[in-house]
Amino acid sequence: MDFELNEDQIAFADMARAFAQNEMEPHAAEWDQEQLFPVEVLRKAGELGFCGLYSSEDVGGLGLSRLDASIIFEQLAMGCTSTTAFITIHNMATWMIDAFGNEQTRQAWCPDLTAGQKLASYCLTEPNAGSDAASLKTSARRDGDDYVLNGSKIFISGAGSTDVLVVMARTGEEGPKGISAFAVDAKAAGITYGRKEDKMGWNSQPTRMITFEDVRVPASALLGNEGDGFKIAMKGLDGGRINIATCSVGTAQAALNKATEYMHERKQFGKSLASFQALQFKLADMATDLVAARQMVRLAASKLDAGHADKTTYCAMAKRFATDACYDICDEALQIFGGNGYIKEYPMERYLRDNRVHRILEGTNEIMRVIISRRLLMQDAAEIL
Amino acid sequence: MKVLVAVKRVLDHNVKVRVKSDHSDVDLTNIKMALNPFCEIAVEEAVRLKEAGIATEVVVMSIGPKAVQEQIRTALALGADRGIQIETDTMPESLSVAKLIAKVVEDERPSLIILGKQAIDSDNNQTGQMLAALTGMGQGTFASDVEIQDNEALVTREVDGGLQTVALRLPAIVTSDLRLNEPRYASLPNIMKAKKKPLDVKSAAELGIELRAHTELLKVEPPAERQGGIKVASVEELVDKLKNEAKVI
C-alpha cells in the first residue's frame with residue numbers, strides 16, 4: 001500500500017492548481033455575485049483535458065482513474081467550488097454517454113464533450129422524486145423509431161446553457177426497473193427551461209427546471225438497454241459522490257489555508273491570532289479532519305477503480321463524512337475570520353455557501369446513511385469492514 | 001533547425017523561503033520544487049518556434065540529481081521533443097554548468113540555444129554569458145522578442161535605456177527575460193505523453209568535465225525584518241532622521 005501520489009498525479013495536480021489559481025480563483029467572487037456561468041473558462045478547461053478525465057480515449061477522453069480525477073478536481077475546487085462542481089457533473093454525464101451509449105451516440109456527443117466544446121447536464125431529480133428517485137414520473141413512450149418524452153426535471157445544473165441532457169425516464173413498470181436513460185439534444189423541440197433558480201451558493205452555474213412536452217428522441221439515443229436507467233444512474237452516482245466529496249475537500253483546504261494565513265496576519269490584544277491556543281487547537285482539529293476526509297474520499301475512489309463489491313457503500317461513507325466534515329471546516333475557518341468572515345470581501349462565506357449543498361445533492365447525507373446501514377444490516381452477507 | 005533549451009530545478013516561486021537555523025543555506029526540506037520561471041519561458045519560446053515551423057526539434061537538458069528529471073518532464077509536457085539529464089550529486093556552479101552545456105552543444109550541434117536569463121534561487125545571471133564565451137557564439141541576453149530570419153536571430157533586448165535589437169549569426173545563444181512570452185499550461189494529455197518521450201541520462205564524467213567549486217558559501221541570512229514606522233513631530237526631526245538614521249539625503 002502506498003499513500004504517496006505518483007509522478008503523474010503530482011504533475012496533474014500541479015497543473016490543475018496553477019489553472020485554478022490563475023483562471024478561476026481571481027474571478028470566483030464575481031462569478032458568484034453576478035451569477036456568471038464561465039463558459040470560456042470551461043472551454044479552456046476542456047482544452048487542457050479536464051472535461052473528459054475518465055472517459056474513453058477513442059472519444060477524446062483521458063481514461064484516467066477516479067482516484068486521478070479526484071486528485072485533479074480537488075485542486076480545481078480550491079479555485080472555485082461551484083465551477084469545479086459543474087465540471088465534475090459534466091464529466092459524469094459525459095462518462096455515462098461514453099460508457100452506455102451506442103457507437104452512433106458516443107461519436108455524436110463525446111468528442112465535443114471531452115474537449116469542452118459542448119457541455120452536458122444530468123437530469124434525474126423531479127418535483128416529486130428527490131431522495132426517492134426510483135419513483136420518477138417522466139415518461140418515455142416508444143413510438144416507431146422514436147421515444148416520446150413527457151414530464152419535468154428540477155434542479156438541473158447547467159440547464160439552458162448545456163448542449164446535451166442525460167435524462168432518466170420511465171419506459172416500463174413502476175419502480176427502478178422501469179427506468180431508462182437517454183442522451184437528449186438540449187435544443188430538441190418540446191423542451192422548455194424554467195427560470196434560473198435563486199440559490200444560496202453554486203452561483204457560477206445556472207440551475208433550472210426542464211419540462212419535456214412530446215419531445216421526440218431517436219431510439220438510438222437510449223443508453224444501455226430499456227430498463228437499465230436506474231442502474232446507470234446509481235453507477236454514475238457512485239463516482240458523482242466521490243466528485244462532490246472532492247469538491248468539499250478542495251474548498252475546505254482553501255478555507256484552511258486562508259484561515260492559517262489570517263492567524264499570522266491578524267492581531268488582537270497585542271499579539272497575532274496564531275499565538276492563542278484556543279485558535280491553534282481549532283486549526284489543528286480542522287487540519288486533522290481535512291486529512292481524514294481526503295483519505296476517505298481517495299479510499300472510496302480506489303474501491304470504485306478496483307470494482308470492489310462494496311464500492312457503493314464506501315462512496316456513500318466518503319460522501320457523508322467528507323461533505324459534513326468539510327462544511328464544518330469552512331464554518332470554523334469563517335469563525336477564525338470573525339466579522340470579516342461574514343462579509344463578501346473575503347471568500348469565507350462563499351466557501352460555506354458553496355459547500356452547503358454538497359450535503360444535499362448526489363443523494364442527501366441521510367440517504368447515504370440509508371445505503372450504509374442497509375449494507376451493514378444485510379443478513380448472511382460478507383463482512384464489510 | 002534544432003533548438004537546445006537548458007533548464008534548472010529551483011524552489012517554486014510561490015514558496016516562502018526559509019533559512020536553516022545554522023544559517024548554512026536555504027532550507028529545502030519538504031519544499032515544493034519547480035521549473036525556474038525564466039527557463040519555462042525559454043522552453044515556451046522554443047516550442048513556439050517549432051509550432052511556427054522554424055524549429056524542427058526541441059531538446060531540453062538539465063543538470064543535477066535524479067530529481068531534475070521532474071523538470072525535464074515538465075518541459076517535455078510543454079512540448080519539447082526529448083530530454084537529456086547530466087547527472088551530478090549536487091547542483092554545480094554556473095561555470096561548471098556552462099561547461100557541461102557547452103559539451104552537449106558540441107554533441108548536439110543546435111542552431112539556437114535558449115536559457116533563462118537567471119535562476120530565481122541563486123540569481124547569478126551568468127550561465128548564458130559564460131556559455132557564449134566557451135562556445136564563441138554570439139549572445140542575446142534579456143530577450144523580450146526573438147525572430148529568426150535566414151541564418152540570423154534578431155533578438156530584442158531589454159536594456160536600461162529601453163530596447164535594443166541585435167542580429168546574431170546562428171548558432172547563437174539567447175537568454176529569456178520575463179516578457180518574452182507567457183508560457184502555456186501543459187495539458188493533461190501532454191503530461192501523459194511526456195512520460196513516453198526519450199530522456200537520456202549522462203554523467204558529468206562521461207562528458208569529460210570535472211566539476212570544480214570556485215566559490216564557497218559562507219552564510220545565508222534572511223532579510224532584516226521590517227520595523228514598524230514612527231511618527232515624527234516636526235519637519236526638522238524628519239530631515240534629521242533622513243540624514244543621520246536612514247542616511248538617504
# chains A, B, ... in the order shown; residues from 1 in each chain; ligands from 1
>>> residues_around(residues="segment 44-53 of chain B", least_positions_apart="6", cutoff="7 Å", atoms="only C-alpha atoms", output="list in words")
Val3, Gly79, Ala80, Asn181 and Pro183 of chain B
>>> write_last_selection(atoms="C-alpha atoms", output="compact mmCIF listing (two decimals), in the first residue's frame")
# COMPACT_ATOMS: atom_id res chain seq x y z
CA VAL B 3 16.90 24.24 -30.54
CA GLY B 79 6.16 20.46 -25.99
CA ALA B 80 9.90 19.70 -26.06
CA ASN B 181 6.19 35.19 -23.77
CA PRO B 183 4.08 30.07 -21.02
>>> residues_around(residues="segment 101-110 of chain B", least_positions_apart="3", cutoff="8 Å", atoms="only C-alpha atoms", output="tab-separated table (two decimals) with N, CA and C atoms, in the first residue's frame")
chain	number	residue	atom	x	y	z
B	1	MET	N	16.00	23.06	-38.11
B	1	MET	CA	16.78	23.76	-37.10
B	1	MET	C	16.52	23.16	-35.71
B	2	LYS	N	17.61	22.81	-35.06
B	2	LYS	CA	17.47	22.22	-33.73
B	2	LYS	C	17.64	23.31	-32.66
B	3	VAL	N	16.79	23.28	-31.65
B	3	VAL	CA	16.90	24.24	-30.54
B	3	VAL	C	17.20	23.46	-29.26
B	4	LEU	N	18.19	23.91	-28.54
B	4	LEU	CA	18.51	23.31	-27.24
B	4	LEU	C	18.10	24.29	-26.14
B	6	ALA	N	18.28	24.77	-21.98
B	6	ALA	CA	18.81	24.26	-20.71
B	6	ALA	C	17.95	24.81	-19.59
B	97	VAL	N	28.25	24.42	-14.98
B	97	VAL	CA	27.02	24.26	-15.75
B	97	VAL	C	27.28	24.66	-17.20
B	98	ALA	N	27.92	25.82	-17.38
B	98	ALA	CA	28.20	26.32	-18.73
B	98	ALA	C	29.10	25.34	-19.49
B	113	ILE	N	20.42	28.13	-28.89
B	113	ILE	CA	20.39	27.66	-27.50
B	113	ILE	C	19.65	28.72	-26.70
B	131	LEU	N	28.52	30.53	-21.29
B	131	LEU	CA	28.38	29.59	-22.39
B	131	LEU	C	28.79	30.25	-23.71
B	134	LEU	N	32.50	30.32	-23.82
B	134	LEU	CA	33.10	28.99	-24.02
B	134	LEU	C	32.92	28.49	-25.45
B	135	THR	N	31.78	28.83	-26.05
B	135	THR	CA	31.49	28.30	-27.39
B	135	THR	C	31.87	29.29	-28.49
B	171	PRO	N	24.94	29.49	-35.24
B	171	PRO	CA	24.27	29.24	-33.97
B	171	PRO	C	24.52	30.36	-32.95
B	207	LEU	N	31.07	13.06	-19.90
B	207	LEU	CA	31.29	14.18	-20.80
B	207	LEU	C	32.70	14.73	-20.65
>>> interface_residues(of="chain A", to="chain B", cutoff="8 Å", atoms="only C-alpha atoms", output="count of residues only")
10
>>> atom_distance(atom1="atom CA of Ala133 of chain B", atom2="atom CA of Ala153 of chain B")
17.9 Å
>>> select_by_dssp(residues="segment 2-236 of chain B", states="strand (DSSP E or B)", output="ChimeraX atom specification")
/B:2-7,9-11,19,26,33-35,57-64,82-87,112-116,138-149,152-159,162-169,172-176,199-203
>>> residues_around(residues="Val220 of chain B", least_positions_apart="3", cutoff="6 Å", atoms="only C-alpha atoms", output="count of residues only")
3
>>> closest_residue(among="A:Asp14, A:Met234, A:Thr312, A:Ala129", to="Leu35 of chain B", atoms="only C-alpha atoms")
A:Asp14
>>> residues_around(residues="Gln117 of chain A", least_positions_apart="6", cutoff="12 Å", atoms="only C-alpha atoms", output="VMD selection string")
chain A and resid 39 to 52 60 90 109 to 111 162 to 164
>>> residues_around(residues="segment 273-279 of chain A", least_positions_apart="5", cutoff="6 Å", atoms="only C-alpha atoms", output="list of chain:residue names")
A:Met263, A:His264, A:Arg266, A:Lys267
>>> closest_residue(among="A:Asn355, A:Asn91, A:Ser55, A:Ser70", to="Tyr327 of chain A", atoms="only C-alpha atoms")
A:Asn355
>>> atom_distance(atom1="atom CA of Lys118 of chain A", atom2="atom CA of Cys315 of chain A")
28.3 Å
>>> closest_residue(among="A:Thr84, A:Thr138, A:Gln9, A:Ser121", to="Leu64 of chain A", atoms="only C-alpha atoms")
A:Gln9
>>> select_by_dssp(residues="segment 101-186 of chain B", states="helix (DSSP H, G or I)", output="PyMOL selection string")
chain B and resi 101-108+127-135+178-180
>>> write_last_selection(atoms="N, CA, C and O atoms", output="PDB file, in the first residue's frame")
ATOM      1  N   ILE B 101      27.004  22.357 -20.510  1.00  0.00           N
ATOM      2  CA  ILE B 101      26.115  22.696 -21.631  1.00  0.00           C
ATOM      3  C   ILE B 101      26.947  22.790 -22.916  1.00  0.00           C
ATOM      4  O   ILE B 101      26.546  22.289 -23.973  1.00  0.00           O
ATOM      5  N   ALA B 102      28.129  23.393 -22.804  1.00  0.00           N
ATOM      6  CA  ALA B 102      28.991  23.536 -23.990  1.00  0.00           C
ATOM      7  C   ALA B 102      29.318  22.171 -24.581  1.00  0.00           C
ATOM      8  O   ALA B 102      29.376  22.000 -25.798  1.00  0.00           O
ATOM      9  N   LYS B 103      29.482  21.194 -23.692  1.00  0.00           N
ATOM     10  CA  LYS B 103      29.801  19.840 -24.155  1.00  0.00           C
ATOM     11  C   LYS B 103      28.593  19.253 -24.901  1.00  0.00           C
ATOM     12  O   LYS B 103      28.749  18.616 -25.947  1.00  0.00           O
ATOM     13  N   VAL B 104      27.410  19.471 -24.360  1.00  0.00           N
ATOM     14  CA  VAL B 104      26.192  18.977 -25.015  1.00  0.00           C
ATOM     15  C   VAL B 104      26.005  19.691 -26.361  1.00  0.00           C
ATOM     16  O   VAL B 104      25.618  19.078 -27.354  1.00  0.00           O
ATOM     17  N   VAL B 105      26.326  20.986 -26.388  1.00  0.00           N
ATOM     18  CA  VAL B 105      26.226  21.753 -27.632  1.00  0.00           C
ATOM     19  C   VAL B 105      27.152  21.143 -28.688  1.00  0.00           C
ATOM     20  O   VAL B 105      26.777  20.990 -29.851  1.00  0.00           O
ATOM     21  N   GLU B 106      28.335  20.732 -28.251  1.00  0.00           N
ATOM     22  CA  GLU B 106      29.296  20.118 -29.167  1.00  0.00           C
ATOM     23  C   GLU B 106      28.711  18.838 -29.779  1.00  0.00           C
ATOM     24  O   GLU B 106      28.858  18.601 -30.972  1.00  0.00           O
ATOM     25  N   ASP B 107      28.054  18.038 -28.944  1.00  0.00           N
ATOM     26  CA  ASP B 107      27.474  16.777 -29.418  1.00  0.00           C
ATOM     27  C   ASP B 107      26.239  17.002 -30.264  1.00  0.00           C
ATOM     28  O   ASP B 107      26.021  16.356 -31.275  1.00  0.00           O
ATOM     29  N   GLU B 108      25.362  17.911 -29.799  1.00  0.00           N
ATOM     30  CA  GLU B 108      24.045  18.059 -30.419  1.00  0.00           C
ATOM     31  C   GLU B 108      24.040  19.028 -31.597  1.00  0.00           C
ATOM     32  O   GLU B 108      23.165  18.980 -32.444  1.00  0.00           O
ATOM     33  N   THR B 127      25.211  32.119 -16.547  1.00  0.00           N
ATOM     34  CA  THR B 127      25.462  30.879 -17.292  1.00  0.00           C
ATOM     35  C   THR B 127      25.422  31.113 -18.802  1.00  0.00           C
ATOM     36  O   THR B 127      26.287  30.639 -19.534  1.00  0.00           O
ATOM     37  N   GLY B 128      24.413  31.843 -19.262  1.00  0.00           N
ATOM     38  CA  GLY B 128      24.304  32.116 -20.700  1.00  0.00           C
ATOM     39  C   GLY B 128      25.535  32.838 -21.227  1.00  0.00           C
ATOM     40  O   GLY B 128      26.091  32.485 -22.278  1.00  0.00           O
ATOM     41  N   GLN B 129      25.967  33.825 -20.479  1.00  0.00           N
ATOM     42  CA  GLN B 129      27.132  34.605 -20.892  1.00  0.00           C
ATOM     43  C   GLN B 129      28.395  33.737 -20.918  1.00  0.00           C
ATOM     44  O   GLN B 129      29.211  33.813 -21.837  1.00  0.00           O
ATOM     45  N   MET B 130      28.554  32.910 -19.877  1.00  0.00           N
ATOM     46  CA  MET B 130      29.729  32.023 -19.822  1.00  0.00           C
ATOM     47  C   MET B 130      29.712  31.046 -20.987  1.00  0.00           C
ATOM     48  O   MET B 130      30.744  30.779 -21.602  1.00  0.00           O
ATOM     49  N   LEU B 131      28.518  30.534 -21.288  1.00  0.00           N
ATOM     50  CA  LEU B 131      28.379  29.585 -22.387  1.00  0.00           C
ATOM     51  C   LEU B 131      28.790  30.247 -23.711  1.00  0.00           C
ATOM     52  O   LEU B 131      29.454  29.627 -24.555  1.00  0.00           O
ATOM     53  N   ALA B 132      28.406  31.507 -23.863  1.00  0.00           N
ATOM     54  CA  ALA B 132      28.780  32.236 -25.082  1.00  0.00           C
ATOM     55  C   ALA B 132      30.298  32.347 -25.187  1.00  0.00           C
ATOM     56  O   ALA B 132      30.885  32.145 -26.255  1.00  0.00           O
ATOM     57  N   ALA B 133      30.945  32.622 -24.053  1.00  0.00           N
ATOM     58  CA  ALA B 133      32.406  32.741 -24.066  1.00  0.00           C
ATOM     59  C   ALA B 133      33.049  31.402 -24.395  1.00  0.00           C
ATOM     60  O   ALA B 133      34.001  31.330 -25.171  1.00  0.00           O
ATOM     61  N   LEU B 134      32.505  30.319 -23.816  1.00  0.00           N
ATOM     62  CA  LEU B 134      33.101  28.990 -24.021  1.00  0.00           C
ATOM     63  C   LEU B 134      32.917  28.495 -25.451  1.00  0.00           C
ATOM     64  O   LEU B 134      33.766  27.799 -25.982  1.00  0.00           O
ATOM     65  N   THR B 135      31.779  28.826 -26.051  1.00  0.00           N
ATOM     66  CA  THR B 135      31.489  28.300 -27.391  1.00  0.00           C
ATOM     67  C   THR B 135      31.870  29.289 -28.494  1.00  0.00           C
ATOM     68  O   THR B 135      31.875  28.923 -29.662  1.00  0.00           O
ATOM     69  N   LEU B 178      11.469  38.189 -18.746  1.00  0.00           N
ATOM     70  CA  LEU B 178      10.101  37.887 -18.320  1.00  0.00           C
ATOM     71  C   LEU B 178       9.066  38.100 -19.422  1.00  0.00           C
ATOM     72  O   LEU B 178       8.090  37.374 -19.535  1.00  0.00           O
ATOM     73  N   ARG B 179       9.285  39.125 -20.243  1.00  0.00           N
ATOM     74  CA  ARG B 179       8.252  39.496 -21.208  1.00  0.00           C
ATOM     75  C   ARG B 179       8.397  38.829 -22.573  1.00  0.00           C
ATOM     76  O   ARG B 179       7.712  39.185 -23.514  1.00  0.00           O
ATOM     77  N   LEU B 180       9.278  37.840 -22.668  1.00  0.00           N
ATOM     78  CA  LEU B 180       9.455  37.174 -23.963  1.00  0.00           C
ATOM     79  C   LEU B 180       8.153  36.486 -24.403  1.00  0.00           C
ATOM     80  O   LEU B 180       7.767  36.552 -25.568  1.00  0.00           O
TER      81      LEU B 180
END
>>> residues_around(residues="Ala254 of chain A", least_positions_apart="4", cutoff="10 Å", atoms="only C-alpha atoms", output="VMD selection string")
chain A and resid 74 to 75 77 to 81 248 to 250 258 to 260 330 333 347 to 348 351
>>> closest_residue(among="B:Leu211, B:Leu170, B:Ala143, B:Ile230", to="Gly64 of chain B", atoms="only C-alpha atoms")
B:Leu211
>>> residues_around(residues="Gly208 of chain B", least_positions_apart="3", cutoff="9 Å", atoms="only C-alpha atoms", output="number ranges by chain")
B: 100, 103, 203-205
>>> write_last_selection(atoms="N, CA and C atoms", output="PDB file, in the first residue's frame")
ATOM      1  N   LEU B 100      29.334  22.097 -19.001  1.00  0.00           N
ATOM      2  CA  LEU B 100      28.548  20.907 -19.337  1.00  0.00           C
ATOM      3  C   LEU B 100      27.619  21.182 -20.520  1.00  0.00           C
ATOM      4  N   LYS B 103      29.482  21.194 -23.692  1.00  0.00           N
ATOM      5  CA  LYS B 103      29.801  19.840 -24.155  1.00  0.00           C
ATOM      6  C   LYS B 103      28.593  19.253 -24.901  1.00  0.00           C
ATOM      7  N   SER B 203      26.508  11.092 -17.264  1.00  0.00           N
ATOM      8  CA  SER B 203      27.188  11.660 -16.094  1.00  0.00           C
ATOM      9  C   SER B 203      28.162  12.732 -16.565  1.00  0.00           C
ATOM     10  N   ALA B 204      28.489  13.622 -15.629  1.00  0.00           N
ATOM     11  CA  ALA B 204      29.440  14.676 -15.965  1.00  0.00           C
ATOM     12  C   ALA B 204      30.779  14.060 -16.375  1.00  0.00           C
ATOM     13  N   ALA B 205      31.151  12.948 -15.712  1.00  0.00           N
ATOM     14  CA  ALA B 205      32.426  12.283 -16.012  1.00  0.00           C
ATOM     15  C   ALA B 205      32.425  11.773 -17.448  1.00  0.00           C
TER      16      ALA B 205
END
>>> decode(residues="segment 227-239 of chain A", atoms="N, CA, C and O atoms", output="PDB file, in the first residue's frame")
ATOM      1  N   GLY A 227     -34.802  -0.192 -19.382  1.00  0.00           N
ATOM      2  CA  GLY A 227     -34.842  -0.709 -18.016  1.00  0.00           C
ATOM      3  C   GLY A 227     -33.511  -0.621 -17.274  1.00  0.00           C
ATOM      4  O   GLY A 227     -33.431  -0.889 -16.083  1.00  0.00           O
ATOM      5  N   ASP A 228     -32.447  -0.222 -17.997  1.00  0.00           N
ATOM      6  CA  ASP A 228     -31.116  -0.107 -17.357  1.00  0.00           C
ATOM      7  C   ASP A 228     -30.920   1.232 -16.647  1.00  0.00           C
ATOM      8  O   ASP A 228     -29.917   1.442 -15.960  1.00  0.00           O
ATOM      9  N   GLY A 229     -31.845   2.162 -16.862  1.00  0.00           N
ATOM     10  CA  GLY A 229     -31.640   3.550 -16.441  1.00  0.00           C
ATOM     11  C   GLY A 229     -31.261   3.738 -14.986  1.00  0.00           C
ATOM     12  O   GLY A 229     -30.323   4.472 -14.670  1.00  0.00           O
ATOM     13  N   PHE A 230     -31.977   3.064 -14.107  1.00  0.00           N
ATOM     14  CA  PHE A 230     -31.716   3.292 -12.681  1.00  0.00           C
ATOM     15  C   PHE A 230     -30.342   2.759 -12.284  1.00  0.00           C
ATOM     16  O   PHE A 230     -29.617   3.383 -11.516  1.00  0.00           O
ATOM     17  N   LYS A 231     -29.981   1.608 -12.885  1.00  0.00           N
ATOM     18  CA  LYS A 231     -28.652   1.044 -12.624  1.00  0.00           C
ATOM     19  C   LYS A 231     -27.562   2.013 -13.091  1.00  0.00           C
ATOM     20  O   LYS A 231     -26.559   2.236 -12.409  1.00  0.00           O
ATOM     21  N   ILE A 232     -27.791   2.596 -14.289  1.00  0.00           N
ATOM     22  CA  ILE A 232     -26.818   3.548 -14.835  1.00  0.00           C
ATOM     23  C   ILE A 232     -26.731   4.770 -13.923  1.00  0.00           C
ATOM     24  O   ILE A 232     -25.641   5.262 -13.599  1.00  0.00           O
ATOM     25  N   ALA A 233     -27.913   5.229 -13.474  1.00  0.00           N
ATOM     26  CA  ALA A 233     -27.950   6.397 -12.607  1.00  0.00           C
ATOM     27  C   ALA A 233     -27.173   6.138 -11.319  1.00  0.00           C
ATOM     28  O   ALA A 233     -26.390   6.979 -10.855  1.00  0.00           O
ATOM     29  N   MET A 234     -27.350   4.973 -10.753  1.00  0.00           N
ATOM     30  CA  MET A 234     -26.688   4.650  -9.492  1.00  0.00           C
ATOM     31  C   MET A 234     -25.177   4.481  -9.690  1.00  0.00           C
ATOM     32  O   MET A 234     -24.375   4.912  -8.870  1.00  0.00           O
ATOM     33  N   LYS A 235     -24.792   3.863 -10.822  1.00  0.00           N
ATOM     34  CA  LYS A 235     -23.361   3.731 -11.131  1.00  0.00           C
ATOM     35  C   LYS A 235     -22.739   5.108 -11.265  1.00  0.00           C
ATOM     36  O   LYS A 235     -21.637   5.360 -10.765  1.00  0.00           O
ATOM     37  N   GLY A 236     -23.436   5.962 -11.979  1.00  0.00           N
ATOM     38  CA  GLY A 236     -22.930   7.317 -12.167  1.00  0.00           C
ATOM     39  C   GLY A 236     -22.784   8.026 -10.835  1.00  0.00           C
ATOM     40  O   GLY A 236     -21.822   8.746 -10.597  1.00  0.00           O
ATOM     41  N   LEU A 237     -23.742   7.765  -9.944  1.00  0.00           N
ATOM     42  CA  LEU A 237     -23.728   8.475  -8.664  1.00  0.00           C
ATOM     43  C   LEU A 237     -22.604   8.021  -7.740  1.00  0.00           C
ATOM     44  O   LEU A 237     -22.126   8.808  -6.928  1.00  0.00           O
ATOM     45  N   ASP A 238     -22.161   6.776  -7.858  1.00  0.00           N
ATOM     46  CA  ASP A 238     -21.003   6.366  -7.052  1.00  0.00           C
ATOM     47  C   ASP A 238     -19.847   7.332  -7.312  1.00  0.00           C
ATOM     48  O   ASP A 238     -19.242   7.877  -6.387  1.00  0.00           O
ATOM     49  N   GLY A 239     -19.566   7.527  -8.603  1.00  0.00           N
ATOM     50  CA  GLY A 239     -18.493   8.455  -8.967  1.00  0.00           C
ATOM     51  C   GLY A 239     -18.871   9.894  -8.654  1.00  0.00           C
ATOM     52  O   GLY A 239     -18.041  10.682  -8.213  1.00  0.00           O
TER      53      GLY A 239
END
